[in-house]
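Engineer: The file below is upload06.csv, CSV, C-alpha atoms:
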```csv
chain,number,residue,atom,x,y,z
A,1,MET,CA,15.8,-14.0,-4.9
A,2,ALA,CA,15.5,-13.7,-8.7
A,3,THR,CA,12.8,-16.4,-8.7
A,4,LYS,CA,10.9,-14.6,-5.9
A,5,ALA,CA,10.8,-11.4,-7.9
A,6,ALA,CA,9.7,-13.3,-11.0
A,7,ARG,CA,6.9,-14.9,-9.0
A,8,ILE,CA,5.6,-11.6,-7.6
A,9,GLY,CA,5.7,-10.0,-11.0
A,10,GLU,CA,3.9,-12.8,-12.7
A,11,GLU,CA,1.2,-13.0,-10.0
A,12,VAL,CA,0.5,-9.3,-9.8
A,13,TRP,CA,0.5,-8.9,-13.6
A,14,LYS,CA,-1.9,-11.8,-13.9
A,15,SER,CA,-4.4,-10.9,-11.3
A,16,ARG,CA,-4.1,-7.3,-10.2
A,17,VAL,CA,-3.6,-5.0,-13.1
A,18,ASP,CA,-5.9,-3.8,-15.8
A,19,LYS,CA,-4.6,-4.3,-19.3
A,20,ILE,CA,-5.2,-2.4,-22.5
A,21,ASN,CA,-4.3,-3.0,-26.1
A,22,ALA,CA,-0.5,-2.6,-26.5
A,23,GLU,CA,-1.0,-0.8,-29.8
A,24,VAL,CA,-2.8,2.0,-28.0
A,25,VAL,CA,0.3,2.5,-25.9
A,26,THR,CA,2.7,2.2,-28.8
A,27,LEU,CA,0.8,4.7,-30.9
A,28,THR,CA,0.2,7.1,-28.1
A,29,TYR,CA,3.8,7.1,-27.2
A,30,GLY,CA,4.8,7.5,-30.8
A,31,THR,CA,2.6,10.5,-31.2
A,32,ILE,CA,4.2,12.1,-28.2
A,33,VAL,CA,7.7,11.6,-29.4
A,34,ALA,CA,6.9,12.7,-32.9
A,35,GLN,CA,5.1,15.8,-31.6
A,36,LEU,CA,8.1,16.7,-29.4
A,37,CYS,CA,10.4,16.3,-32.4
A,38,ARG,CA,8.2,18.8,-34.3
A,39,ASP,CA,8.0,21.2,-31.4
A,40,LEU,CA,11.5,21.3,-30.0
A,41,THR,CA,13.7,22.7,-32.7
A,42,VAL,CA,17.1,24.2,-32.7
A,43,PRO,CA,16.8,28.0,-32.0
A,44,ASN,CA,16.4,30.0,-35.2
A,45,THR,CA,15.5,27.1,-37.4
A,46,ILE,CA,12.1,26.0,-38.6
A,47,ASN,CA,12.3,22.3,-38.6
A,48,LYS,CA,15.7,21.2,-37.4
A,49,THR,CA,14.8,19.1,-34.4
A,50,ASP,CA,16.9,19.5,-31.2
A,51,TYR,CA,17.1,15.8,-30.3
A,52,ASN,CA,19.0,16.5,-27.1
A,53,ALA,CA,16.0,18.6,-26.0
A,54,VAL,CA,13.6,15.8,-27.0
A,55,ASN,CA,15.6,13.3,-25.0
A,56,LYS,CA,15.6,15.6,-22.0
A,57,GLU,CA,11.9,16.3,-22.2
A,58,LEU,CA,11.1,12.6,-22.5
A,59,ASP,CA,13.2,11.9,-19.4
A,60,ARG,CA,11.5,14.7,-17.5
A,61,MET,CA,8.0,13.4,-18.4
A,62,GLY,CA,9.1,9.9,-17.3
A,63,TYR,CA,10.4,11.3,-14.1
A,64,ASN,CA,7.1,12.8,-13.2
A,65,MET,CA,5.4,9.6,-14.0
A,66,GLY,CA,7.8,7.6,-11.9
A,67,LEU,CA,7.2,9.8,-8.8
A,68,ARG,CA,3.5,8.8,-9.0
A,69,LEU,CA,3.7,5.3,-10.3
A,70,ILE,CA,5.9,4.1,-7.4
A,71,GLU,CA,2.9,4.3,-5.0
A,72,ASP,CA,0.8,2.1,-7.2
A,73,PHE,CA,3.7,-0.3,-7.6
A,74,LEU,CA,4.3,-0.6,-3.9
A,75,ALA,CA,0.5,-0.9,-3.1
A,76,LYS,CA,-0.1,-3.5,-5.7
A,77,THR,CA,2.9,-5.6,-5.2
A,78,GLY,CA,3.1,-5.3,-1.4
A,79,THR,CA,6.9,-5.2,-1.5
A,80,GLY,CA,9.1,-3.4,1.0
A,81,GLN,CA,12.6,-2.0,1.0
A,82,CYS,CA,15.2,-4.0,-0.9
A,83,SER,CA,18.2,-5.0,1.1
A,84,ASN,CA,20.8,-4.2,-1.6
A,85,PHE,CA,21.1,-2.9,-5.1
A,86,ARG,CA,21.2,-6.3,-6.8
A,87,GLU,CA,17.8,-7.0,-5.3
A,88,THR,CA,16.6,-3.6,-6.6
A,89,ALA,CA,17.7,-4.5,-10.1
A,90,GLU,CA,15.7,-7.7,-10.0
A,91,MET,CA,12.7,-5.9,-8.7
A,92,ILE,CA,12.9,-3.3,-11.5
A,93,SER,CA,13.2,-5.9,-14.2
A,94,LYS,CA,11.0,-8.8,-13.0
A,95,VAL,CA,8.3,-6.9,-11.1
A,96,GLY,CA,8.3,-3.3,-12.3
A,97,PHE,CA,8.6,-3.8,-16.0
A,98,LYS,CA,6.6,-7.0,-15.9
A,99,VAL,CA,3.6,-5.4,-14.1
A,100,PHE,CA,3.5,-2.2,-16.1
A,101,ILE,CA,4.4,-3.2,-19.6
A,102,ASN,CA,4.7,-7.0,-19.5
A,103,ILE,CA,8.4,-7.3,-20.4
A,104,THR,CA,11.3,-8.5,-18.3
A,105,PRO,CA,14.6,-6.9,-19.5
A,106,ASN,CA,17.6,-8.9,-18.5
A,107,VAL,CA,19.9,-7.6,-15.8
A,108,SER,CA,23.5,-8.0,-16.8
A,109,ASN,CA,27.0,-6.3,-16.9
A,110,TRP,CA,27.2,-5.6,-13.2
A,111,SER,CA,30.1,-3.3,-12.2
A,112,LYS,CA,32.7,-4.6,-9.8
A,113,ASP,CA,31.3,-2.9,-6.8
A,114,SER,CA,27.7,-3.7,-7.6
A,115,ASP,CA,26.5,-0.1,-8.1
A,116,SER,CA,25.6,-0.2,-11.8
A,117,PHE,CA,24.1,-2.7,-14.2
A,118,HIS,CA,22.6,-2.9,-17.7
A,119,LEU,CA,19.0,-3.7,-18.5
A,120,VAL,CA,18.9,-5.5,-21.9
A,121,PHE,CA,15.6,-5.1,-23.7
A,122,GLU,CA,14.9,-8.0,-25.9
A,123,GLU,CA,11.5,-6.6,-26.7
A,124,ASN,CA,10.3,-3.0,-26.3
A,125,PRO,CA,6.6,-2.4,-26.9
A,126,LEU,CA,7.2,1.4,-27.1
A,127,ALA,CA,9.2,0.9,-30.2
A,128,ASP,CA,7.1,-1.5,-32.3
A,129,PHE,CA,6.5,-0.1,-35.8
A,130,VAL,CA,9.1,2.6,-35.3
A,131,GLU,CA,11.7,3.8,-37.7
A,132,LEU,CA,13.7,6.9,-36.8
A,133,PRO,CA,13.6,9.8,-39.3
A,134,ASP,CA,16.4,9.6,-41.8
A,135,ASP,CA,17.6,13.1,-41.4
A,136,GLY,CA,21.1,11.8,-40.6
A,137,ARG,CA,20.9,13.0,-37.0
A,138,ALA,CA,18.1,11.1,-35.3
A,139,GLN,CA,20.1,7.8,-35.6
A,140,ASP,CA,22.9,9.3,-33.6
A,141,GLU,CA,21.1,11.7,-31.3
A,142,LEU,CA,17.6,10.5,-30.4
A,143,TRP,CA,17.0,8.0,-27.6
A,144,TYR,CA,13.5,7.0,-28.6
A,145,SER,CA,12.5,5.2,-25.4
A,146,ASN,CA,14.1,7.7,-23.1
A,147,ILE,CA,10.9,8.1,-21.1
A,148,LEU,CA,11.8,4.8,-19.4
A,149,CYS,CA,15.0,6.2,-17.9
A,150,GLY,CA,12.9,9.0,-16.3
A,151,VAL,CA,10.3,6.6,-14.9
A,152,ILE,CA,13.0,4.6,-13.2
A,153,ARG,CA,14.8,7.6,-11.9
A,154,GLY,CA,11.6,9.1,-10.5
A,155,ALA,CA,10.4,5.9,-8.9
A,156,MET,CA,13.8,5.2,-7.3
A,157,GLU,CA,14.1,8.7,-5.9
A,158,MET,CA,10.8,8.2,-4.0
A,159,VAL,CA,12.3,5.2,-2.3
A,160,GLN,CA,15.4,7.0,-1.2
A,161,MET,CA,17.7,6.0,-4.0
A,162,GLN,CA,19.3,8.5,-6.3
A,163,ILE,CA,20.2,6.8,-9.6
A,164,GLU,CA,21.2,7.8,-13.0
A,165,ALA,CA,19.7,5.9,-16.0
A,166,ARG,CA,20.5,6.3,-19.6
A,167,PHE,CA,20.3,4.3,-22.8
A,168,VAL,CA,23.7,3.2,-24.2
A,169,SER,CA,22.4,1.4,-27.3
A,170,ASP,CA,19.1,1.0,-29.2
A,171,VAL,CA,18.2,-1.4,-32.1
A,172,LEU,CA,16.3,1.6,-33.6
A,173,ARG,CA,19.7,3.2,-34.2
A,174,GLY,CA,21.1,0.1,-35.8
A,175,ASP,CA,22.8,-1.3,-32.6
A,176,ASP,CA,22.6,-5.0,-31.9
A,177,THR,CA,20.8,-4.6,-28.6
A,178,THR,CA,18.7,-2.1,-26.7
A,179,GLU,CA,20.5,-1.5,-23.4
A,180,MET,CA,20.1,0.9,-20.5
A,181,ARG,CA,22.7,1.6,-17.9
A,182,VAL,CA,21.4,2.2,-14.4
A,183,THR,CA,23.9,3.6,-11.8
A,184,LEU,CA,23.3,4.1,-8.1
A,185,ILE,CA,24.6,7.5,-7.1
A,186,ARG,CA,23.7,7.4,-3.4
A,187,ILE,CA,21.1,6.2,-0.9
A,188,ILE,CA,19.3,9.1,0.6
A,189,GLU,CA,19.2,8.1,4.3
A,190,ASP,CA,16.9,9.8,6.7
A,191,GLU,CA,18.8,12.9,7.7
A,192,MET,CA,18.8,14.3,11.2
A,193,PRO,CA,17.5,17.8,11.2
A,194,PRO,CA,20.2,20.4,12.0
A,195,ASP,CA,20.7,21.1,15.6
A,196,ASP,CA,18.3,23.8,16.9
A,197,GLU,CA,20.7,25.2,19.5
B,1,MET,CA,-23.9,-7.7,16.2
B,2,ALA,CA,-20.5,-6.5,17.2
B,3,TRP,CA,-19.8,-2.8,17.2
B,4,TRP,CA,-16.8,-2.6,14.9
B,5,VAL,CA,-16.4,0.2,12.6
B,6,VAL,CA,-13.8,2.5,10.9
B,7,PHE,CA,-13.9,6.0,12.5
B,8,ALA,CA,-11.5,8.0,10.5
B,9,LEU,CA,-8.6,8.0,8.1
B,10,LEU,CA,-5.7,10.4,8.1
B,11,ILE,CA,-3.0,10.7,5.5
B,12,ILE,CA,0.3,12.3,6.4
B,13,ASN,CA,2.9,13.2,3.7
B,14,LYS,CA,6.5,12.5,4.2
B,15,ALA,CA,7.2,15.9,5.6
B,16,GLY,CA,4.6,15.4,8.4
B,17,GLY,CA,1.9,17.5,6.8
B,18,LEU,CA,-1.7,16.4,7.0
B,19,ILE,CA,-3.0,15.9,3.5
B,20,TYR,CA,-6.2,14.1,4.1
B,21,ASN,CA,-8.6,13.6,6.9
B,22,ARG,CA,-12.1,12.1,6.9
B,23,THR,CA,-14.5,10.5,9.3
B,24,PHE,CA,-16.7,7.6,8.3
B,25,ALA,CA,-19.1,7.0,11.1
B,26,PRO,CA,-22.0,9.2,12.3
B,27,GLY,CA,-22.0,10.8,15.7
B,28,LEU,CA,-18.3,11.0,16.3
B,29,GLN,CA,-16.8,13.7,18.6
B,30,LYS,CA,-15.4,16.4,16.5
B,31,LEU,CA,-11.9,17.9,16.4
B,32,ASP,CA,-11.3,21.2,14.8
B,33,SER,CA,-9.1,21.3,11.8
B,34,ASN,CA,-6.2,22.9,13.7
B,35,ASP,CA,-6.3,20.0,16.2
B,36,TYR,CA,-6.0,17.6,13.3
B,37,LEU,CA,-2.9,19.4,12.0
B,38,ILE,CA,-1.4,19.2,15.5
B,39,LEU,CA,-2.3,15.6,15.8
B,40,ALA,CA,-0.7,14.8,12.5
B,41,GLY,CA,2.5,16.7,13.2
B,42,THR,CA,2.8,15.2,16.7
B,43,PHE,CA,2.3,11.7,15.5
B,44,HIS,CA,4.7,12.2,12.7
B,45,GLY,CA,7.4,13.2,15.2
B,46,ILE,CA,6.7,10.3,17.6
B,47,HIS,CA,6.7,7.9,14.7
B,48,ALA,CA,10.1,9.1,13.6
B,49,ILE,CA,11.4,8.7,17.1
B,50,SER,CA,10.0,5.2,17.3
B,51,ARG,CA,11.8,4.3,14.2
B,52,SER,CA,15.2,5.3,15.4
B,53,ILE,CA,15.1,4.5,19.1
B,54,ASN,CA,14.8,0.8,19.4
B,55,PRO,CA,15.7,-1.6,22.2
B,56,ALA,CA,16.1,-4.6,20.0
B,57,PRO,CA,19.6,-5.7,19.2
B,58,LEU,CA,20.9,-4.6,15.8
B,59,ALA,CA,20.2,-7.1,13.0
B,60,GLU,CA,23.4,-8.4,11.3
B,61,ARG,CA,24.1,-6.5,8.2
B,62,LEU,CA,25.9,-8.0,5.3
B,63,PRO,CA,28.5,-5.7,3.6
B,64,GLY,CA,26.9,-3.7,0.8
B,65,ASN,CA,23.4,-4.1,2.2
B,66,ARG,CA,21.2,-1.3,3.3
B,67,LYS,CA,20.2,-0.7,6.9
B,68,PRO,CA,17.2,-3.0,7.5
B,69,PRO,CA,14.1,-0.9,7.7
B,70,THR,CA,12.1,-0.4,10.9
B,71,THR,CA,8.4,0.3,10.7
B,72,GLY,CA,8.0,2.5,13.7
B,73,ILE,CA,4.7,2.6,15.5
B,74,GLU,CA,2.3,0.2,13.8
B,75,SER,CA,-0.6,0.5,16.2
B,76,LEU,CA,-1.8,2.3,19.3
B,77,GLU,CA,-4.7,1.0,21.3
B,78,SER,CA,-7.0,2.3,24.0
B,79,SER,CA,-10.2,1.1,25.5
B,80,HIS,CA,-12.3,3.0,22.9
B,81,PHE,CA,-10.3,3.0,19.7
B,82,ARG,CA,-7.3,1.6,17.9
B,83,LEU,CA,-5.0,3.5,15.6
B,84,THR,CA,-3.3,1.5,12.9
B,85,CYS,CA,-0.4,3.2,11.1
B,86,PHE,CA,1.0,2.1,7.8
B,87,GLN,CA,4.0,3.9,6.4
B,88,ALA,CA,4.8,3.2,2.8
B,89,PRO,CA,8.4,3.0,1.7
B,90,THR,CA,8.0,6.4,0.1
B,91,GLY,CA,7.3,7.9,3.5
B,92,VAL,CA,3.6,8.6,3.2
B,93,LYS,CA,1.7,7.5,6.3
B,94,PHE,CA,-1.9,6.2,6.6
B,95,LEU,CA,-3.5,6.4,10.0
B,96,LEU,CA,-6.7,4.4,10.4
B,97,VAL,CA,-8.7,5.0,13.5
B,98,THR,CA,-11.1,2.2,14.3
B,99,SER,CA,-13.0,0.6,17.1
B,100,PRO,CA,-10.8,-1.8,19.0
B,101,GLU,CA,-13.0,-4.7,17.8
B,102,GLN,CA,-12.4,-4.0,14.1
B,103,PRO,CA,-10.5,-7.0,12.7
B,104,ASN,CA,-7.9,-7.0,9.9
B,105,THR,CA,-7.0,-3.3,10.2
B,106,ASP,CA,-3.7,-3.9,8.5
B,107,VAL,CA,-5.5,-5.2,5.4
B,108,VAL,CA,-7.9,-2.3,5.5
B,109,VAL,CA,-5.2,0.3,5.7
B,110,ARG,CA,-3.3,-1.3,2.8
B,111,ARG,CA,-6.4,-1.3,0.7
B,112,CYS,CA,-6.6,2.5,1.4
B,113,TYR,CA,-3.0,2.8,0.2
B,114,GLU,CA,-4.0,1.0,-3.0
B,115,LEU,CA,-6.9,3.4,-3.6
B,116,TYR,CA,-4.5,6.3,-3.0
B,117,GLY,CA,-2.1,4.9,-5.6
B,118,ASP,CA,-5.0,4.6,-8.0
B,119,PHE,CA,-7.1,7.7,-7.5
B,120,VAL,CA,-4.8,10.2,-6.1
B,121,MET,CA,-1.4,9.6,-7.6
B,122,LYS,CA,-2.8,8.8,-11.1
B,123,ASN,CA,-4.8,11.9,-11.2
B,124,PRO,CA,-2.7,14.1,-13.4
B,125,PHE,CA,-4.0,17.3,-11.7
B,126,TYR,CA,-3.2,16.3,-8.2
B,127,SER,CA,0.0,18.1,-7.1
B,128,MET,CA,2.2,15.9,-5.0
B,129,GLU,CA,2.5,16.4,-1.3
B,130,MET,CA,-0.5,18.8,-1.3
B,131,PRO,CA,-3.9,18.3,0.4
B,132,ILE,CA,-6.0,15.7,-1.4
B,133,ARG,CA,-9.1,17.0,-2.9
B,134,VAL,CA,-10.1,14.3,-5.3
B,135,GLU,CA,-13.7,13.3,-5.6
B,136,LYS,CA,-13.2,9.9,-7.1
B,137,PHE,CA,-10.9,9.0,-4.2
B,138,ASP,CA,-13.6,10.2,-1.7
B,139,ARG,CA,-16.1,8.1,-3.4
B,140,ALA,CA,-13.9,5.0,-3.6
B,141,LEU,CA,-13.0,5.3,0.1
B,142,GLY,CA,-16.6,5.8,1.0
B,143,GLY,CA,-17.7,2.8,-0.9
B,144,TYR,CA,-15.1,0.8,0.8
B,145,LEU,CA,-15.2,2.1,4.4
B,146,VAL,CA,-18.7,3.3,5.1
B,147,ARG,CA,-21.0,0.6,6.3
B,148,PRO,CA,-24.4,0.6,4.7
```
Take the structure I supplied and represent it as C-alpha cells, if you would.
Structural biologist:
Amino acid sequence: MATKAARIGEEVWKSRVDKINAEVVTLTYGTIVAQLCRDLTVPNTINKTDYNAVNKELDRMGYNMGLRLIEDFLAKTGTGQCSNFRETAEMISKVGFKVFINITPNVSNWSKDSDSFHLVFEENPLADFVELPDDGRAQDELWYSNILCGVIRGAMEMVQMQIEARFVSDVLRGDDTTEMRVTLIRIIEDEMPPDDE
Amino acid sequence: MAWWVVFALLIINKAGGLIYNRTFAPGLQKLDSNDYLILAGTFHGIHAISRSINPAPLAERLPGNRKPPTTGIESLESSHFRLTCFQAPTGVKFLLVTSPEQPNTDVVVRRCYELYGDFVMKNPFYSMEMPIRVEKFDRALGGYLVRP
C-alpha cells in the first residue's frame, strides 16, 4: 500500500502538475504570516501580536484552501475512497504533500486504535529562511506553518472525514523535529433524512 | 463519419442542486431551466437510491475498515443518447449526455472533473456549492467538448 501511494504521488508530481519556483511560495507565505502578526494584536495594545489569533487565522485560511484543493487532488490523482485511516495517512503524506509541495512527511507514532498519527516533516519549504521574532513569545505561541493543519482538515472534511490536526513541535521553536498530530474524530456517513411522517 | 458527439454537461452539487448546465451541439431540443432543475433533483434522488439498494452480496469488511464505496448509477442508455454519471468522492456529480456512439465517455467526464478542479475550485471568487459562472471554465470546456 505504501509503495502504491508513493508511486501515484511520484507519477502525478512528475507529469501532471505545474511547478513554480519554491522561493515564490516561501516568500509569499512568509509575507502572509508576517502581515497577520502585524494585524492581529492583543486588544488595547499597538504591537503586541496575538499569536493565538494568528494560528487560528492561518488554520482558517488553510481550511478554505483544503475545501477547494481536494477536488483538484482527486481529479489529478484519480484516487477513490481509502478503506481505512492508515491508508488515508499514506495518501496524505505520499500523494497529497508530494503532489502539492514535493515533500513526503513520515507517518509515525500511530495510536493503539489507529485513529491518530504523527506527520514528521524532515523538510518544510514554507519555513526556509524563517526565524521567529525574538519577542519572547513567538517561540512558545506561534505555529508558523499552521496553514497546513487547516488544509488537511478542510480536504478531509470534503471526503467525509472529520479530523483534528495540530502541530506538536516545530524546529523553528527550537524543537528537534517538526511534527503534526492528525486525529480522526469521526467518519461522516451518509445520513438518512429524518422521517417525513 | 460516425455521428458521435457530446450533447450536454450537467453538474450537480452534493445537495442535489444543479450548479451547471450547458449544451454543446447545435439543433438540440430545448428544456426550460425549470425542467433542468427537476431533472437534476430527480436524478440525484435516484442515484442516491441506487447507491444504497444493491442486490450484490455484501463485500467482506475487515475490522476498522470503512464501508466499501458504491458508485450508484454510472450510465443510462437509450436508443438516442447515453448519460454517463461520475460522482467524485466529495459528492459532486457530473452528468454527461452524449450520443450512444460516443466512445470513452468515462474518460471525457473525468477530464471535465479535472477542468472543474482547475477553473472552478481554484477561482477564489467562486463560492462553493453555488451555480458556476466562470468564463474560463466555459472556455476550457468549449475547447475540449465542442467539435470544430
Engineer: Enumerate as a PyMOL selection string the residues belonging to chain B that approach chain A to within 10 Å, with all atoms listed in the file taken into account.
Structural biologist: chain B and resi 48+52+61-69+88-92+110-124+128
Engineer: Report as a PyMOL selection string all protein, DNA and RNA residues lying within 9 Å of segment 132-139 of chain A, evaluated on only C-alpha atoms, omitting residues in the same chain fewer than 5 positions from it.
Structural biologist: chain A and resi 49+51+144+172-174
Engineer: Would you kindly return, as a PyMOL selection string, each protein, DNA or RNA residue with an atom no farther than 10 Å from any atom of Glu57 of chain A, considering only C-alpha atoms and excluding same-chain residues fewer than 2 positions away?
Structural biologist: chain A and resi 33+36+40+51-55+59-63+146-147+150
Engineer: Applying 10 Å and all atoms listed in the file, which residues near segment 19-24 of chain B remain after dropping the ones on its own chain fewer than 3 positions away? List them as a PDB file with C-alpha atoms, in the coordinates of the input.
Structural biologist:
```pdb
ATOM      1  CA  VAL B   5     -16.400   0.200  12.600  1.00  0.00           C
ATOM      2  CA  VAL B   6     -13.800   2.500  10.900  1.00  0.00           C
ATOM      3  CA  PHE B   7     -13.900   6.000  12.500  1.00  0.00           C
ATOM      4  CA  ALA B   8     -11.500   8.000  10.500  1.00  0.00           C
ATOM      5  CA  LEU B   9      -8.600   8.000   8.100  1.00  0.00           C
ATOM      6  CA  LEU B  10      -5.700  10.400   8.100  1.00  0.00           C
ATOM      7  CA  ILE B  11      -3.000  10.700   5.500  1.00  0.00           C
ATOM      8  CA  ILE B  12       0.300  12.300   6.400  1.00  0.00           C
ATOM      9  CA  ASN B  13       2.900  13.200   3.700  1.00  0.00           C
ATOM     10  CA  GLY B  16       4.600  15.400   8.400  1.00  0.00           C
ATOM     11  CA  GLY B  27     -22.000  10.800  15.700  1.00  0.00           C
ATOM     12  CA  LEU B  28     -18.300  11.000  16.300  1.00  0.00           C
ATOM     13  CA  LYS B  30     -15.400  16.400  16.500  1.00  0.00           C
ATOM     14  CA  SER B  33      -9.100  21.300  11.800  1.00  0.00           C
ATOM     15  CA  TYR B  36      -6.000  17.600  13.300  1.00  0.00           C
ATOM     16  CA  LEU B  37      -2.900  19.400  12.000  1.00  0.00           C
ATOM     17  CA  ALA B  40      -0.700  14.800  12.500  1.00  0.00           C
ATOM     18  CA  VAL B  92       3.600   8.600   3.200  1.00  0.00           C
ATOM     19  CA  PHE B  94      -1.900   6.200   6.600  1.00  0.00           C
ATOM     20  CA  LEU B  95      -3.500   6.400  10.000  1.00  0.00           C
ATOM     21  CA  LEU B  96      -6.700   4.400  10.400  1.00  0.00           C
ATOM     22  CA  VAL B  97      -8.700   5.000  13.500  1.00  0.00           C
ATOM     23  CA  THR B  98     -11.100   2.200  14.300  1.00  0.00           C
ATOM     24  CA  MET B 128       2.200  15.900  -5.000  1.00  0.00           C
ATOM     25  CA  GLU B 129       2.500  16.400  -1.300  1.00  0.00           C
ATOM     26  CA  MET B 130      -0.500  18.800  -1.300  1.00  0.00           C
ATOM     27  CA  PRO B 131      -3.900  18.300   0.400  1.00  0.00           C
ATOM     28  CA  ILE B 132      -6.000  15.700  -1.400  1.00  0.00           C
ATOM     29  CA  ARG B 133      -9.100  17.000  -2.900  1.00  0.00           C
ATOM     30  CA  ASP B 138     -13.600  10.200  -1.700  1.00  0.00           C
ATOM     31  CA  LEU B 141     -13.000   5.300   0.100  1.00  0.00           C
ATOM     32  CA  GLY B 142     -16.600   5.800   1.000  1.00  0.00           C
ATOM     33  CA  LEU B 145     -15.200   2.100   4.400  1.00  0.00           C
ATOM     34  CA  VAL B 146     -18.700   3.300   5.100  1.00  0.00           C
ATOM     35  CA  ARG B 147     -21.000   0.600   6.300  1.00  0.00           C
TER      36      ARG B 147
END
```
Engineer: Residues at most 8 Å from Glu74 of chain B, counting all atoms listed in the file, excluding those fewer than 2 positions away in the same chain, as a list in words?
Structural biologist: Thr71, Gly72, Leu76, Thr84, Cys85 and Phe86 of chain B
Engineer: Nearest to Phe43 of chain B: which of B:Leu58, B:Leu31, B:Ala25, B:Leu83 is it, counting all atoms listed in the file?
Structural biologist: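 Closest candidate: B:Leu83.
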Engineer: Between atom CA of Pro125 of chain A and atom CA of Val42 of chain A, what is the spacing in Å?
Structural biologist: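 These two atoms are separated by 29.2 Å.
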Engineer: Write out as a ChimeraX atom specification which residues come within 12 Å of Ile101 of chain A when counting only C-alpha atoms, dropping same-chain ones fewer than 3 positions away.
Structural biologist: /A:9-10,13,17-23,25-26,92-98,104-105,123-126,148
Engineer: So how far away is atom CA of Ser75 of chain B from atom CA of Ile46 of chain B, in Å?
Structural biologist: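 A separation of 12.3 Å between them.
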Engineer: Between atom CA of Thr42 of chain B and atom CA of Glu77 of chain B, what is the spacing in Å?
Structural biologist: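 Those two atoms sit 16.7 Å apart.
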Engineer: Using all atoms listed in the file, find the one residue out of A:Glu164, A:Glu131, A:Asp140, A:Asp175 that sits nearest to Ala34 of chain A.
Structural biologist: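 Smallest distance to Ala34 of chain A is found for A:Glu131.
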Engineer: Quick one: segment 53-69 of chain B with N, CA and C atoms, as a PDB file, keeping the file's coordinate frame?
Structural biologist:
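The resulting file, result.pdb, is reproduced below:
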```
ATOM      1  N   ILE B  53      14.734   4.979  17.782  1.00  0.00           N
ATOM      2  CA  ILE B  53      15.100   4.500  19.100  1.00  0.00           C
ATOM      3  C   ILE B  53      14.414   3.120  19.256  1.00  0.00           C
ATOM      4  N   ASN B  54      15.245   2.141  19.549  1.00  0.00           N
ATOM      5  CA  ASN B  54      14.800   0.800  19.400  1.00  0.00           C
ATOM      6  C   ASN B  54      15.600  -0.123  20.282  1.00  0.00           C
ATOM      7  N   PRO B  55      14.965  -0.777  21.266  1.00  0.00           N
ATOM      8  CA  PRO B  55      15.700  -1.600  22.200  1.00  0.00           C
ATOM      9  C   PRO B  55      16.271  -2.889  21.628  1.00  0.00           C
ATOM     10  N   ALA B  56      15.685  -3.341  20.543  1.00  0.00           N
ATOM     11  CA  ALA B  56      16.100  -4.600  20.000  1.00  0.00           C
ATOM     12  C   ALA B  56      17.523  -4.607  19.514  1.00  0.00           C
ATOM     13  N   PRO B  57      18.266  -5.725  19.667  1.00  0.00           N
ATOM     14  CA  PRO B  57      19.600  -5.700  19.200  1.00  0.00           C
ATOM     15  C   PRO B  57      19.677  -5.524  17.669  1.00  0.00           C
ATOM     16  N   LEU B  58      20.743  -4.910  17.195  1.00  0.00           N
ATOM     17  CA  LEU B  58      20.900  -4.600  15.800  1.00  0.00           C
ATOM     18  C   LEU B  58      20.927  -5.927  14.960  1.00  0.00           C
ATOM     19  N   ALA B  59      20.169  -5.972  13.911  1.00  0.00           N
ATOM     20  CA  ALA B  59      20.200  -7.100  13.000  1.00  0.00           C
ATOM     21  C   ALA B  59      21.587  -7.135  12.326  1.00  0.00           C
ATOM     22  N   GLU B  60      22.085  -8.312  12.042  1.00  0.00           N
ATOM     23  CA  GLU B  60      23.400  -8.400  11.300  1.00  0.00           C
ATOM     24  C   GLU B  60      23.182  -7.838   9.928  1.00  0.00           C
ATOM     25  N   ARG B  61      24.201  -7.123   9.504  1.00  0.00           N
ATOM     26  CA  ARG B  61      24.100  -6.500   8.200  1.00  0.00           C
ATOM     27  C   ARG B  61      25.219  -6.874   7.311  1.00  0.00           C
ATOM     28  N   LEU B  62      24.893  -7.522   6.213  1.00  0.00           N
ATOM     29  CA  LEU B  62      25.900  -8.000   5.300  1.00  0.00           C
ATOM     30  C   LEU B  62      26.560  -6.736   4.620  1.00  0.00           C
ATOM     31  N   PRO B  63      27.845  -6.851   4.275  1.00  0.00           N
ATOM     32  CA  PRO B  63      28.500  -5.700   3.600  1.00  0.00           C
ATOM     33  C   PRO B  63      27.746  -5.387   2.314  1.00  0.00           C
ATOM     34  N   GLY B  64      27.560  -4.112   2.057  1.00  0.00           N
ATOM     35  CA  GLY B  64      26.900  -3.700   0.800  1.00  0.00           C
ATOM     36  C   GLY B  64      25.373  -3.670   0.954  1.00  0.00           C
ATOM     37  N   ASN B  65      24.860  -4.164   2.072  1.00  0.00           N
ATOM     38  CA  ASN B  65      23.400  -4.100   2.200  1.00  0.00           C
ATOM     39  C   ASN B  65      22.973  -2.830   2.934  1.00  0.00           C
ATOM     40  N   ARG B  66      21.742  -2.456   2.687  1.00  0.00           N
ATOM     41  CA  ARG B  66      21.200  -1.300   3.300  1.00  0.00           C
ATOM     42  C   ARG B  66      20.817  -1.607   4.774  1.00  0.00           C
ATOM     43  N   LYS B  67      20.721  -0.541   5.560  1.00  0.00           N
ATOM     44  CA  LYS B  67      20.200  -0.700   6.900  1.00  0.00           C
ATOM     45  C   LYS B  67      18.831  -1.311   6.846  1.00  0.00           C
ATOM     46  N   PRO B  68      18.573  -2.378   7.612  1.00  0.00           N
ATOM     47  CA  PRO B  68      17.200  -3.000   7.500  1.00  0.00           C
ATOM     48  C   PRO B  68      16.183  -1.957   8.000  1.00  0.00           C
ATOM     49  N   PRO B  69      15.045  -1.912   7.341  1.00  0.00           N
ATOM     50  CA  PRO B  69      14.100  -0.900   7.700  1.00  0.00           C
ATOM     51  C   PRO B  69      13.374  -1.198   9.009  1.00  0.00           C
TER      52      PRO B  69
END
```
